[in-house]
Each structure stands twice: as C-alpha cells, then as structure tokens.
file entry_35.txt (compact mmCIF, C-alpha atoms and all ligand atoms)
# COMPACT_ATOMS: atom_id res chain seq x y z
CA MET X 893 0.00 0.00 0.00
CA GLY X 894 1.42 3.39 -1.03
CA LYS X 895 1.43 6.71 0.78
CA GLY X 896 0.30 10.16 -0.28
CA ILE X 897 0.88 13.83 0.43
CA PHE X 898 -1.55 16.63 -0.39
CA VAL X 899 0.14 19.75 -1.79
CA ILE X 900 -1.73 22.92 -0.89
CA GLY X 901 -0.85 26.56 -1.50
CA THR X 902 -1.32 29.88 0.23
CA ASN X 903 -3.07 30.99 -2.97
CA THR X 904 -3.65 30.05 -6.58
CA ASP X 905 -0.63 30.52 -8.90
CA ILE X 906 1.77 30.22 -5.97
CA GLY X 907 3.64 27.21 -7.37
CA LYS X 908 1.76 24.08 -6.21
CA THR X 909 2.22 22.45 -9.61
CA PHE X 910 5.85 23.57 -9.71
CA VAL X 911 6.50 21.98 -6.30
CA SER X 912 4.39 18.86 -7.00
CA GLY X 913 6.60 18.49 -10.08
CA ALA X 914 9.69 18.82 -7.89
CA ILE X 915 8.51 16.13 -5.47
CA THR X 916 7.56 13.77 -8.31
CA TYR X 917 10.83 14.45 -10.17
CA LYS X 918 13.06 13.78 -7.16
CA LEU X 919 11.27 10.56 -6.25
CA LYS X 920 11.26 9.30 -9.84
CA LYS X 921 14.96 10.15 -10.21
CA HIS X 922 15.62 7.92 -7.20
CA ASN X 923 13.68 5.08 -8.83
CA LYS X 924 10.61 5.42 -6.67
CA ASN X 925 7.23 4.34 -7.97
CA VAL X 926 5.53 7.76 -7.91
CA ILE X 927 2.48 9.35 -9.54
CA PRO X 928 1.06 12.90 -9.46
CA TYR X 929 -2.70 13.23 -9.01
CA LYS X 930 -4.92 16.28 -9.58
CA PRO X 931 -8.44 15.44 -8.39
CA VAL X 932 -10.07 18.62 -9.74
CA GLN X 933 -8.57 20.86 -12.41
CA SER X 934 -10.24 24.05 -13.59
CA GLY X 935 -8.81 25.69 -16.70
CA GLY X 936 -8.44 22.53 -18.78
CA ILE X 937 -6.69 23.03 -22.12
CA GLU X 938 -7.35 21.50 -25.52
CA GLU X 939 -4.87 18.96 -26.90
CA ASN X 940 -5.71 16.65 -29.81
CA ILE X 941 -9.46 17.42 -29.50
CA LYS X 942 -9.41 16.44 -25.82
CA ILE X 943 -9.55 18.68 -22.75
CA ILE X 944 -6.55 17.87 -20.58
CA PRO X 945 -5.36 19.15 -17.17
CA PRO X 946 -2.41 21.56 -17.68
CA ASP X 947 -1.01 20.90 -14.18
CA ILE X 948 -0.65 17.21 -14.95
CA LYS X 949 0.69 17.98 -18.42
CA TYR X 950 3.47 20.07 -16.85
CA ILE X 951 4.52 17.29 -14.44
CA ARG X 952 4.11 14.59 -17.08
CA ASP X 953 6.44 16.47 -19.45
CA ILE X 954 9.05 17.46 -16.88
CA CYS X 955 9.20 13.97 -15.34
CA ASP X 956 8.85 12.05 -18.65
CA LEU X 957 5.88 10.10 -17.32
CA ASP X 958 4.26 7.65 -19.67
CA ILE X 959 0.91 7.58 -17.86
CA ASP X 960 -2.39 8.68 -19.40
CA TYR X 961 -4.20 11.78 -18.14
CA LYS X 962 -7.27 9.88 -16.92
CA THR X 963 -5.10 8.00 -14.41
CA MET X 964 -3.80 11.25 -12.94
CA ASN X 965 -6.95 13.40 -12.93
CA THR X 966 -10.62 12.81 -12.03
CA TYR X 967 -12.42 16.04 -12.99
CA CYS X 968 -11.20 18.48 -15.64
CA LEU X 969 -13.29 21.63 -16.08
CA LYS X 970 -12.70 24.08 -18.89
CA THR X 971 -13.53 27.36 -17.18
CA GLU X 972 -10.51 28.87 -15.43
CA VAL X 973 -12.26 29.93 -12.22
CA SER X 974 -12.98 28.41 -8.82
CA PRO X 975 -14.01 24.74 -9.33
CA HIS X 976 -17.50 25.28 -7.81
CA LEU X 977 -18.25 28.01 -10.35
CA ALA X 978 -16.76 26.04 -13.24
CA CYS X 979 -19.00 23.11 -12.23
CA ASN X 980 -22.07 25.34 -12.08
CA ILE X 981 -21.31 26.83 -15.50
CA GLU X 982 -20.51 23.48 -17.13
CA ASN X 983 -23.23 21.48 -15.38
CA VAL X 984 -20.73 19.07 -13.87
CA TYR X 985 -21.60 17.28 -10.63
CA ILE X 986 -18.55 16.41 -8.56
CA ASN X 987 -19.02 13.21 -6.60
CA LYS X 988 -16.44 13.05 -3.81
CA GLU X 989 -16.67 9.25 -3.78
CA ASN X 990 -15.16 9.18 -7.27
CA ILE X 991 -12.12 11.09 -6.00
CA ILE X 992 -11.76 8.97 -2.86
CA ASN X 993 -11.99 5.75 -4.92
CA HIS X 994 -9.56 7.11 -7.51
CA TYR X 995 -6.99 8.03 -4.83
CA ASN X 996 -7.33 4.68 -3.06
CA LYS X 997 -6.83 2.89 -6.35
CA LEU X 998 -3.62 4.84 -6.98
CA LEU X 999 -2.36 3.87 -3.52
CA LYS X 1000 -2.68 0.22 -4.53
CA THR X 1001 -0.48 0.66 -7.60
CA TYR X 1002 1.98 3.39 -6.62
CA ASP X 1003 4.23 3.77 -3.56
CA TYR X 1004 4.04 7.59 -3.58
CA VAL X 1005 1.03 9.67 -4.64
CA VAL X 1006 1.54 13.45 -4.93
CA VAL X 1007 -1.90 15.07 -4.82
CA GLU X 1008 -2.36 18.70 -5.86
CA GLY X 1009 -5.24 20.87 -4.67
CA ALA X 1010 -6.77 23.80 -6.51
CA GLY X 1011 -6.04 27.34 -5.35
CA GLY X 1012 -5.83 27.79 -1.56
CA ILE X 1013 -7.17 25.71 1.34
CA VAL X 1014 -10.65 27.33 1.50
CA VAL X 1015 -11.44 26.95 -2.22
CA PRO X 1016 -14.94 25.55 -2.83
CA ILE X 1017 -14.86 22.37 -4.89
CA THR X 1018 -18.66 22.48 -5.04
CA ASN X 1019 -21.09 24.99 -3.52
CA ASP X 1020 -20.87 23.25 -0.14
CA TYR X 1021 -17.72 21.11 -0.24
CA PHE X 1022 -14.31 22.71 0.24
CA LEU X 1023 -10.74 21.67 -0.43
CA TYR X 1024 -10.20 21.07 3.29
CA ASP X 1025 -13.23 18.73 3.34
CA LEU X 1026 -11.62 16.68 0.58
CA ILE X 1027 -8.30 16.52 2.46
CA LYS X 1028 -10.15 15.26 5.56
CA ASP X 1029 -12.13 12.73 3.53
CA LEU X 1030 -8.92 11.45 1.94
CA ASN X 1031 -7.38 11.27 5.42
CA MET X 1032 -4.22 13.00 4.20
CA ASP X 1033 -1.49 15.24 5.60
CA VAL X 1034 -0.48 18.34 3.68
CA VAL X 1035 2.55 20.37 2.69
CA ILE X 1036 2.22 24.11 2.09
CA VAL X 1037 3.66 25.96 -0.88
CA ALA X 1038 4.22 29.65 -0.14
CA SER X 1039 5.86 32.54 -1.90
CA ALA X 1040 9.08 34.19 -0.74
CA SER X 1041 7.76 37.67 -1.49
CA VAL X 1042 6.17 40.41 0.60
CA GLY X 1043 2.76 39.28 1.90
CA THR X 1044 3.81 35.68 2.46
CA ILE X 1045 4.05 35.85 6.26
CA ASN X 1046 0.37 36.66 6.62
CA HIS X 1047 -0.76 34.17 3.94
CA SER X 1048 1.40 31.35 5.32
CA VAL X 1049 0.37 31.82 8.94
CA LEU X 1050 -3.32 32.10 8.01
CA THR X 1051 -3.08 28.87 6.02
CA TYR X 1052 -1.28 27.11 8.86
CA GLU X 1053 -3.75 28.33 11.50
CA PHE X 1054 -6.70 27.29 9.36
CA LEU X 1055 -5.23 23.79 8.95
CA LYS X 1056 -4.79 23.57 12.71
CA SER X 1057 -8.42 24.59 13.27
CA LYS X 1058 -9.49 21.69 11.02
CA ASN X 1059 -7.07 19.20 12.60
CA ILE X 1060 -5.17 18.73 9.36
CA LYS X 1061 -1.53 17.86 9.89
CA CYS X 1062 1.04 19.93 8.02
CA ARG X 1063 4.36 18.20 7.25
CA GLY X 1064 6.26 21.36 6.33
CA ILE X 1065 6.49 24.19 3.85
CA PHE X 1066 8.19 24.88 0.53
CA ILE X 1067 9.14 28.45 -0.28
CA ASN X 1068 8.84 29.23 -3.98
CA ASN X 1069 10.00 32.03 -6.27
CA TYR X 1070 12.95 33.02 -4.10
CA ASN X 1071 14.47 35.95 -5.93
CA ASN X 1072 17.43 37.17 -3.83
CA GLN X 1073 15.59 40.15 -2.36
CA PHE X 1074 16.82 41.55 0.95
CA TYR X 1075 13.57 40.75 2.81
CA GLU X 1076 13.11 37.12 1.70
CA ASP X 1077 15.31 35.46 4.32
CA ASP X 1078 13.50 37.41 7.01
CA ASN X 1079 10.13 36.29 5.57
CA ILE X 1080 11.24 32.67 5.81
CA LYS X 1081 12.62 33.15 9.32
CA MET X 1082 9.37 34.76 10.50
CA ILE X 1083 7.21 31.97 9.01
CA GLU X 1084 9.38 29.33 10.71
CA LYS X 1085 9.31 31.21 14.01
CA ILE X 1086 5.55 31.80 14.08
CA THR X 1087 4.42 28.40 12.81
CA ASN X 1088 7.29 26.15 13.86
CA LEU X 1089 6.96 24.48 10.46
CA LYS X 1090 10.05 23.00 8.84
CA VAL X 1091 11.09 24.62 5.58
CA LEU X 1092 11.67 21.56 3.39
CA GLY X 1093 12.99 23.43 0.38
CA VAL X 1094 13.48 26.87 -1.12
CA LEU X 1095 13.02 27.09 -4.88
CA ASN X 1096 14.43 29.96 -6.88
CA LYS X 1097 12.44 32.03 -9.31
CA ILE X 1098 13.61 30.68 -12.66
CA LYS X 1099 14.26 33.33 -15.27
CA GLU X 1100 14.53 31.10 -18.32
CA PHE X 1101 11.76 28.62 -17.68
CA ASN X 1102 12.84 25.51 -19.61
CA LYS X 1103 13.23 21.82 -18.78
CA GLU X 1104 16.99 22.06 -18.19
CA SER X 1105 16.80 24.99 -15.75
CA ILE X 1106 13.77 23.52 -13.97
CA CYS X 1107 15.45 20.12 -13.44
CA LYS X 1108 18.63 21.86 -12.27
CA GLU X 1109 16.55 23.68 -9.64
CA TYR X 1110 14.77 20.45 -8.63
CA ASP X 1111 18.09 18.60 -8.34
CA LYS X 1112 19.15 20.93 -5.52
CA LEU X 1113 16.33 19.74 -3.25
CA ASP X 1114 17.05 17.40 -0.35
CA LEU X 1115 15.69 13.91 -1.00
CA GLU X 1116 15.40 13.16 2.73
CA ASN X 1117 13.11 16.17 3.21
CA ILE X 1118 10.92 14.94 0.36
CA LEU X 1119 10.81 11.40 1.73
CA SER X 1120 9.84 12.83 5.14
CA LEU X 1121 6.52 13.93 3.61
CA PHE X 1122 5.47 10.30 3.34
CA GLU X 1123 6.70 8.89 6.65
N1 LIG F 1201 10.03 28.99 -9.20
C1 LIG F 1201 9.45 29.43 -10.30
N2 LIG F 1201 10.16 30.09 -11.26
C2 LIG F 1201 9.55 30.55 -12.37
N3 LIG F 1201 8.25 30.39 -12.65
C3 LIG F 1201 7.50 29.74 -11.74
C4 LIG F 1201 8.04 29.22 -10.53
N4 LIG F 1201 7.05 28.63 -9.83
C5 LIG F 1201 5.94 28.76 -10.57
N5 LIG F 1201 6.19 29.43 -11.72
C6 LIG F 1201 5.21 29.77 -12.75
O1 LIG F 1201 4.14 30.46 -12.11
C7 LIG F 1201 2.90 30.02 -12.61
C8 LIG F 1201 2.05 29.48 -11.47
O2 LIG F 1201 2.67 28.33 -10.91
P1 LIG F 1201 1.86 26.98 -10.65
O3 LIG F 1201 1.12 26.61 -11.89
O4 LIG F 1201 2.81 25.98 -10.10
O5 LIG F 1201 0.82 27.52 -9.56
P2 LIG F 1201 -0.32 26.70 -8.81
O6 LIG F 1201 -0.26 27.06 -7.39
O7 LIG F 1201 -0.19 25.27 -9.15
O8 LIG F 1201 -1.68 27.29 -9.45
P3 LIG F 1201 -3.16 26.59 -9.51
O9 LIG F 1201 -3.90 27.08 -8.32
O10 LIG F 1201 -3.73 27.12 -10.79
O11 LIG F 1201 -3.01 25.12 -9.53
C9 LIG F 1201 3.20 29.00 -13.71
O12 LIG F 1201 3.18 29.63 -14.97
C10 LIG F 1201 4.58 28.52 -13.38
O13 LIG F 1201 5.26 28.09 -14.50
C1 LIG F 1202 -8.31 28.75 -11.99
C2 LIG F 1202 -7.16 28.65 -11.02
N1 LIG F 1202 -5.93 28.54 -11.74
C3 LIG F 1202 -7.32 27.48 -10.07
N2 LIG F 1202 -7.36 26.25 -10.81
C4 LIG F 1202 -8.53 27.62 -9.17
C5 LIG F 1202 -8.38 28.77 -8.20
C6 LIG F 1202 -9.62 29.00 -7.38
C7 LIG F 1202 -9.51 30.22 -6.49
C8 LIG F 1202 -10.78 30.52 -5.78
C9 LIG F 1202 -10.61 31.63 -4.77
O1 LIG F 1202 -9.88 31.47 -3.78
O2 LIG F 1202 -11.19 32.72 -4.97
MG MG F 1203 -1.46 24.02 -10.16
call {"tool": "encode", "arguments": {"input": "entry_35.txt", "output": "structure tokens", "more": "lines below"}}
Ligand SMILES: Nc1ncnc2c1ncn2[C@@H]1O[C@H](COP(=O)(O)OP(=O)(O)OP(=O)(O)O)[C@@H](O)[C@H]1O
Ligand SMILES: C[C@H](N)[C@H](N)CCCCCC(=O)O
Ligand SMILES: [Mg+2]
result
Amino acid sequence: MGKGIFVIGTNTDIGKTFVSGAITYKLKKHNKNVIPYKPVQSGGIEENIKIIPPDIKYIRDICDLDIDYKTMNTYCLKTEVSPHLACNIENVYINKENIINHYNKLLKTYDYVVVEGAGGIVVPITNDYFLYDLIKDLNMDVVIVASASVGTINHSVLTYEFLKSKNIKCRGIFINNYNNQFYEDDNIKMIEKITNLKVLGVLNKIKEFNKESICKEYDKLDLENILSLFE
C-alpha cells in the first residue's frame, strides 16, 4: 500500500504544480514508484481534441511520465475559475466518492502519490464542499507551498492556523519564487518562528523557464526532506 501527500498553496498561482513536479521528479529520479494526481482541475486546455489538465501535463512532461491523463486526474473543467463556479457553468456534478476511490486505487499501484489541490485551502470544490473537506475525507497530511515575497508571512500563517483549526496535519512548507531580495530570508525566518513548520525546500524564481533549468533547480532539493513527507 502506497502513501500520499496533499500539496496545498497559500493561494492560486503560488507554485503548487511547480513543487508537485519537484517532489515527483526527485522521487522518480531515485527510482521510486511515484504518480502525481490532480483530483479537480479548472482551466483545462485543448490537446488533440481532448480537454486535458495543464497541471498534470506540466509534471508529465518534466518527469517524462508515460501515464495517461485519466489515471492522474478525475475532474477536468474548462472554465478557469474556482471549481464550484466552473461546475455550475458546465453542469458538472462532482461526486467526492469518485475522488476517494480514484486516490485509493492509486495507492494500490503506486508507492508515492503526490496530490495537488486547486487554489488555496478554502477553495470551494462544489457549492458546499471545500478543499479542506476533501483533504479530511482522503485522510491526508499536507505540505504548504508559499511565496518568498512580501505578503507571504500573513498568507502562510493564516493557512497554517486554518489547517490547525481543522485538525489537518502539516508536514512542512516549501518556499517558492525566491528571488534574492533583501527581505526574503526574514520572511522565511518569520514563518518558521511563528508556525514552527520546517522549511523543506526553497526554490528559486527561474528566469529562463525551460526543462533544463527547472530540473537543475529540482536537483538541488534534499531527497530526505521529500521522503519525510510520506513517513
Ligand atoms: N520557481 C518558479 N520560477 C519561475 N516560474 C514559476 C516558478 N514557480 C511557478 N512558476 C510559474 O508560475 C505560474 C504558477 O505556478 P503553478 O502553476 O505551479 O501555480 P499553482 O499554485 O499550481 O496554481 P493553480 O492554483 O492554478 O493550480 C506558472 O506559470 C509557473 O510556471
Ligand atoms: C483557476 C485557477 N488557476 C485554479 N485552478 C482555481 C483557483 C480558485 C480560487 C478561488 C478563490 O480562492 O477565490
Ligand atoms: Mg497548479
């Protein structure tokens, strides 16, 4: 039976896919049997007349995964808005049992399942079912992805406190888009001090975003920290 980690962010566009890619890449590079999973994607893109999840496409490409999209994604909505609204617009009914069954099936085949949320922790998946409800129903621990930039202390602490209020265990935090600004180290220090969370990795903002530079950035991460997410 495999193990999973749920990757959440302090906001949308913060780098959850980028970090899920990093976790998947490191594990795969060390010959681990790993799969990324995006239960609900909004903002699906067209490829060969099909609508596919761009977050999974990114990880699939960067990690050279030969796994079909259906195995790594349950719901793919076209409209690039909050999932509940995309569902309402597209007349899609999300059945949480489908996601729970999908995840449990992946655990039977893969040793490591890297699950990515949508947006931040309080994003509505349906009108009355939130991302944190899904995490509880999947019985998973989370890792937070936060930015290094100004505003991150407040967003990170709010996310952490909200998780605590829901009894969701947080395994640590990844800081993304580090850009050598004078205040970034202090931001990280403050987040660590206030939350007591372990910073498991700091990922630089990549100027030339291509496979080579991305993998070089991923290679710098500590494998032990990544493995600790699944212990
Ligand atoms: N470290 C980085 N360096 C350069 N670009 C980055 C970095 N991290 C993320 N990006 C870019 O920022 C954008 C948002 O990142 P990403 O898609 O990982 O966010 P997300 O949190 O997964 O968003 P969503 O809520 O839509 O799933 C993407 O275009 C991605 O390529
Ligand atoms: C469309 C976007 N990229 C994500 N997939 C969904 C983000 C939902 C955010 C909802 C909100 O917090 O207001
Ligand atoms: Mg994403």
call {"tool": "residues_around", "arguments": {"input": "entry_35.txt", "residues": "Ser1041 (chain X)", "least_positions_apart": "3", "cutoff": "9 Å", "atoms": "all atoms listed in the file", "output": "list in words"}}
result
Ala1038, Thr1044, Ile1045, Asn1068, Asn1069, Tyr1070, Asn1071, Gln1073, Tyr1075, Glu1076 and Asn1079 of chain X
call {"tool": "write_last_selection", "arguments": {"input": "entry_35.txt", "atoms": "C-alpha atoms", "output": "PDB file, keeping the file's coordinate frame"}}
result
ATOM      1  CA  ALA X1038       4.220  29.650  -0.140  1.00  0.00           C
ATOM      2  CA  THR X1044       3.810  35.680   2.460  1.00  0.00           C
ATOM      3  CA  ILE X1045       4.050  35.850   6.260  1.00  0.00           C
ATOM      4  CA  ASN X1068       8.840  29.230  -3.980  1.00  0.00           C
ATOM      5  CA  ASN X1069      10.000  32.030  -6.270  1.00  0.00           C
ATOM      6  CA  TYR X1070      12.950  33.020  -4.100  1.00  0.00           C
ATOM      7  CA  ASN X1071      14.470  35.950  -5.930  1.00  0.00           C
ATOM      8  CA  GLN X1073      15.590  40.150  -2.360  1.00  0.00           C
ATOM      9  CA  TYR X1075      13.570  40.750   2.810  1.00  0.00           C
ATOM     10  CA  GLU X1076      13.110  37.120   1.700  1.00  0.00           C
ATOM     11  CA  ASN X1079      10.130  36.290   5.570  1.00  0.00           C
TER      12      ASN X1079
END
call {"tool": "residues_around", "arguments": {"input": "entry_35.txt", "residues": "region 1104-1118 of chain X", "least_positions_apart": "4", "cutoff": "8 Å", "atoms": "all atoms listed in the file", "output": "ChimeraX atom specification"}}
result
/X:914-915,917-919,954,1092-1096,1098,1100,1122
call {"tool": "write_last_selection", "arguments": {"input": "entry_35.txt", "atoms": "C-alpha atoms", "output": "compact mmCIF listing (two decimals), in the coordinates of the input"}}
result
# COMPACT_ATOMS: atom_id res chain seq x y z
CA ALA X 914 9.69 18.82 -7.89
CA ILE X 915 8.51 16.13 -5.47
CA TYR X 917 10.83 14.45 -10.17
CA LYS X 918 13.06 13.78 -7.16
CA LEU X 919 11.27 10.56 -6.25
CA ILE X 954 9.05 17.46 -16.88
CA LEU X 1092 11.67 21.56 3.39
CA GLY X 1093 12.99 23.43 0.38
CA VAL X 1094 13.48 26.87 -1.12
CA LEU X 1095 13.02 27.09 -4.88
CA ASN X 1096 14.43 29.96 -6.88
CA ILE X 1098 13.61 30.68 -12.66
CA GLU X 1100 14.53 31.10 -18.32
CA PHE X 1122 5.47 10.30 3.34
call {"tool": "residues_near_ligand", "arguments": {"input": "entry_35.txt", "ligand": "ligand LIG 1201 (chain F)", "cutoff": "8 Å", "atoms": "all atoms listed in the file", "output": "PyMOL selection string"}}
result
chain X and resi 900-901+903-912+933-935+947+1008-1012+1037+1068-1070+1095-1101+1106
call {"tool": "closest_residue", "arguments": {"input": "entry_35.txt", "among": "X:Asp960, X:Glu1084, X:Glu972, X:Glu939", "to": "ligand MG 1203 (chain F)", "atoms": "all atoms listed in the file"}}
result
X:Glu972
call {"tool": "closest_residue", "arguments": {"input": "entry_35.txt", "among": "X:Ser974, X:Ser1120, X:Thr963, X:Thr916", "to": "Val1005 (chain X)", "atoms": "only C-alpha atoms"}}
result
X:Thr916
call {"tool": "axis_aligned_box", "arguments": {"input": "entry_35.txt", "around": "region 1068-1080 of chain X", "padding_each_side": "3 Å", "output": "lines of an AutoDock Vina configuration file"}}
result
center_x = 13.1
center_y = 35.4
center_z = 0.4
size_x = 14.6
size_y = 18.3
size_z = 19.3
call {"tool": "residues_around", "arguments": {"input": "entry_35.txt", "residues": "Pro946 (chain X)", "least_positions_apart": "4", "cutoff": "8 Å", "atoms": "only C-alpha atoms", "output": "number ranges by chain"}}
result
X: 935-937, 950
call {"tool": "atom_distance", "arguments": {"input": "entry_35.txt", "atom1": "CA of Lys942 (chain X)", "atom2": "CA of Lys962 (chain X)"}}
result
11.3 Å
call {"tool": "atom_distance", "arguments": {"input": "entry_35.txt", "atom1": "CA of Phe1022 (chain X)", "atom2": "CA of Val1035 (chain X)"}}
result
17.2 Å
call {"tool": "residues_around", "arguments": {"input": "entry_35.txt", "residues": "Lys1028 (chain X)", "least_positions_apart": "3", "cutoff": "12 Å", "atoms": "all atoms listed in the file", "output": "VMD selection string"}}
result
chain X and resid 898 988 992 1013 1021 to 1025 1031 to 1034 1055 1058 to 1061
call {"tool": "atom_distance", "arguments": {"input": "entry_35.txt", "atom1": "CA of Ile1036 (chain X)", "atom2": "CA of Ile981 (chain X)"}}
result
29.5 Å
call {"tool": "residues_around", "arguments": {"input": "entry_35.txt", "residues": "Lys1000 (chain X)", "least_positions_apart": "3", "cutoff": "8 Å", "atoms": "only C-alpha atoms", "output": "number ranges by chain"}}
result
X: 893-894, 996-997, 1003
call {"tool": "closest_residue", "arguments": {"input": "entry_35.txt", "among": "X:Ile948, X:Val1091, X:Ile927, X:Val1049", "to": "ligand MG 1203 (chain F)", "atoms": "all atoms listed in the file"}}
result
X:Ile948
